[in-house]
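*Asks:* Provided herewith is a single structure, encoded as structure tokens, for subsequent inquiry.
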Amino acid sequence: MFARSTTIQARPSAVEAGIEYVRDEVLPGLRAIPGCVGLSLMVDRTTGRSIATSSWDSLDAMDASKYRVAPVRDKALAMFGGSAQIQDWEIAGLHRVRRVSEGACVRATWVKTDPSRLESAVEVYKSATLPAMEQLDGFCSASLLVNRRSGRAVSCTCYASEAAMRACREQSASLRVDAARQAGVEALDVREFELPLAHLRVPEMA
């Protein structure tokens, strides 16, 4: 399974209109493209930073979609009123314990390591980090996206509510430190988002 993320630095005032466009126009359009599994959207209404991630059943399908996706993405950028950074990923892990409902939030952590150490870092994530995160109150799901050439990865942990995400910040920070030490990765950034759209439809990959 593979994913393409589009990180948009939007105008905060345009985020709501952007959400509506992605839900009403982008999601149905992507579903019509062969190989597309789904779409999620994370937003920070304060800063305007928003990340749309589409999932694909193969690398070939994701690559073949580029020309069909481009005009849809360009219109979404116009709605959000911002610039975009596009990244391609392999979905290395995904685990769900409950369905996401309205009000869900996500904590995303970006890391990097030497590409030769990435596979061992994925194993640490699956064998140690995921089971520990699952014990946190309000935990819904977690995913790990990796780029094997660059050695970069992003872990997204979904919680049932903003309150639940806030309540476990200290525990999550401790888990990040332990995971970084065990896996030999360097944390680059940690951000928190609302999750107005969660339709990735990726199967369990724990």
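In the structure tokens, chains take letters A, B, ... by order of appearance, with residues numbered from 1 within each chain and ligands from 1 in the order shown.
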What's around Ala128 of chain A at 12 Å? Count only C-alpha atoms, leave out sequence neighbours fewer than 6 positions away in its own chain, and write the answer as a VMD selection string.
*Replies:* chain A and resid 120 to 122 134 to 135 175 to 176 178 to 183 206
*Asks:* Can you work out which one of A:Lys112, A:Arg107, A:Arg31, A:Arg4 has the shortest atom-to-atom distance to Gly151 of chain A, counting only C-alpha atoms?
*Replies:*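 Looking at the shortest contact to Gly151 of chain A, the residue is A:Lys112.
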*Asks:* Might you pull out every residue within 10 Å of Leu130 of chain A, with only C-alpha atoms counted and same-chain residues fewer than 2 positions away left off, and present them as a list of chain:residue names?
*Replies:* A:Gly93, A:Leu94, A:His95, A:Val124, A:Tyr125, A:Lys126, A:Ser127, A:Ala128, A:Ala132, A:Met133, A:Glu134, A:Gln135, A:Ser141, A:Ala142, A:Ser143, A:Leu144, A:Thr157, A:Leu175, A:Ala206
*Asks:* Looking only at strand (DSSP E) from DSSP on the backbone, list the matching residues of segment 10-201 of chain A as a ChimeraX atom specification.
*Replies:* /A:36-43,49-56,83-96,105-112,139-147,152-159,186-199
*Asks:* Could you write out the selected residues, including C-alpha atoms, as a compact mmCIF listing (two decimals), in the first residue's frame?
*Replies:*
# COMPACT_ATOMS: atom_id res chain seq x y z
CA CYS A 36 -7.38 4.68 -5.07
CA VAL A 37 -8.26 3.33 -1.65
CA GLY A 38 -9.31 6.58 0.03
CA LEU A 39 -8.42 9.97 1.46
CA SER A 40 -7.85 11.67 4.79
CA LEU A 41 -7.53 15.35 5.66
CA MET A 42 -5.87 16.86 8.73
CA VAL A 43 -6.15 20.59 9.45
CA ARG A 49 -1.44 23.99 7.85
CA SER A 50 -3.46 21.17 6.26
CA ILE A 51 -2.43 17.74 4.99
CA ALA A 52 -4.49 15.69 2.52
CA THR A 53 -3.31 12.09 2.11
CA SER A 54 -4.58 9.73 -0.57
CA SER A 55 -3.98 5.97 -0.32
CA TRP A 56 -3.33 3.58 -3.22
CA SER A 83 1.13 26.61 -1.49
CA ALA A 84 1.72 22.87 -1.39
CA GLN A 85 4.45 20.29 -0.80
CA ILE A 86 3.83 16.82 -2.26
CA GLN A 87 5.44 13.64 -0.92
CA ASP A 88 5.07 9.97 -1.85
CA TRP A 89 5.19 7.26 0.83
CA GLU A 90 4.95 3.55 1.43
CA ILE A 91 2.43 2.61 4.11
CA ALA A 92 4.55 0.50 6.45
CA GLY A 93 2.03 0.01 9.22
CA LEU A 94 -1.57 0.72 10.21
CA HIS A 95 -3.50 -0.37 13.28
CA ARG A 96 -7.08 0.44 14.35
CA CYS A 105 -7.75 14.59 16.25
CA VAL A 106 -4.29 13.49 15.13
CA ARG A 107 -0.78 13.92 16.47
CA ALA A 108 1.75 13.59 13.63
CA THR A 109 5.46 12.99 14.22
CA TRP A 110 8.04 13.32 11.46
CA VAL A 111 11.38 11.51 11.87
CA LYS A 112 14.44 10.61 9.86
CA PHE A 139 -6.55 5.96 21.12
CA CYS A 140 -8.31 5.12 17.86
CA SER A 141 -5.63 4.24 15.31
CA ALA A 142 -2.06 4.79 14.17
CA SER A 143 -0.27 4.68 10.85
CA LEU A 144 3.35 4.80 9.73
CA LEU A 145 4.37 6.16 6.32
CA VAL A 146 7.96 5.78 5.15
CA ASN A 147 10.18 6.88 2.29
CA ARG A 152 12.15 9.77 6.44
CA ALA A 153 8.91 8.66 8.05
CA VAL A 154 5.78 10.09 9.62
CA SER A 155 3.68 8.48 12.33
CA CYS A 156 0.07 9.65 12.72
CA THR A 157 -1.80 8.74 15.89
CA CYS A 158 -5.54 9.36 15.96
CA TYR A 159 -7.49 10.08 19.16
CA GLU A 186 15.77 11.69 14.91
CA ALA A 187 12.51 13.54 15.48
CA LEU A 188 12.04 16.44 13.06
CA ASP A 189 8.63 17.84 13.99
CA VAL A 190 5.50 17.12 16.02
CA ARG A 191 2.14 18.70 15.16
CA GLU A 192 -1.47 18.31 16.24
CA PHE A 193 -4.45 18.49 13.89
CA GLU A 194 -8.19 18.09 13.61
CA LEU A 195 -9.29 15.16 11.43
CA PRO A 196 -12.40 16.29 9.51
CA LEU A 197 -12.03 13.53 6.89
CA ALA A 198 -10.88 9.96 7.56
CA HIS A 199 -11.51 7.73 4.55
*Asks:* May I ask which of the residues A:Val22, A:Ala104, A:Leu118, A:Val97 is the closest one to Ala76 of chain A, counting only C-alpha atoms?
*Replies:* A:Val22
*Asks:* Counting only C-alpha atoms, figure out which residue out of A:Ser150, A:Tyr67, A:Ser161, A:Asp60 gets nearest to Glu102 of chain A.
*Replies:* A:Ser161
*Asks:* Select, from A:Val177, A:Ala78, A:Ile33, A:Ala3, the residue with the minimum atom-to-atom distance to Ala17 of chain A, counting only C-alpha atoms.
*Replies:*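 The answer is A:Ala78, which sits nearest to Ala17 of chain A.
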*Asks:* Considering only C-alpha atoms, can you say which of A:Thr6, A:Gly35, A:Asp44, A:Arg11 comes closest to Val72 of chain A?
*Replies:* A:Thr6
*Asks:* Quick one: DSSP alpha helix (DSSP H) residues in chain A, as a PyMOL selection string?
*Replies:* chain A and resi 15-21+27-31+59-64+66-80+118-124+130-134+162-167+169-183
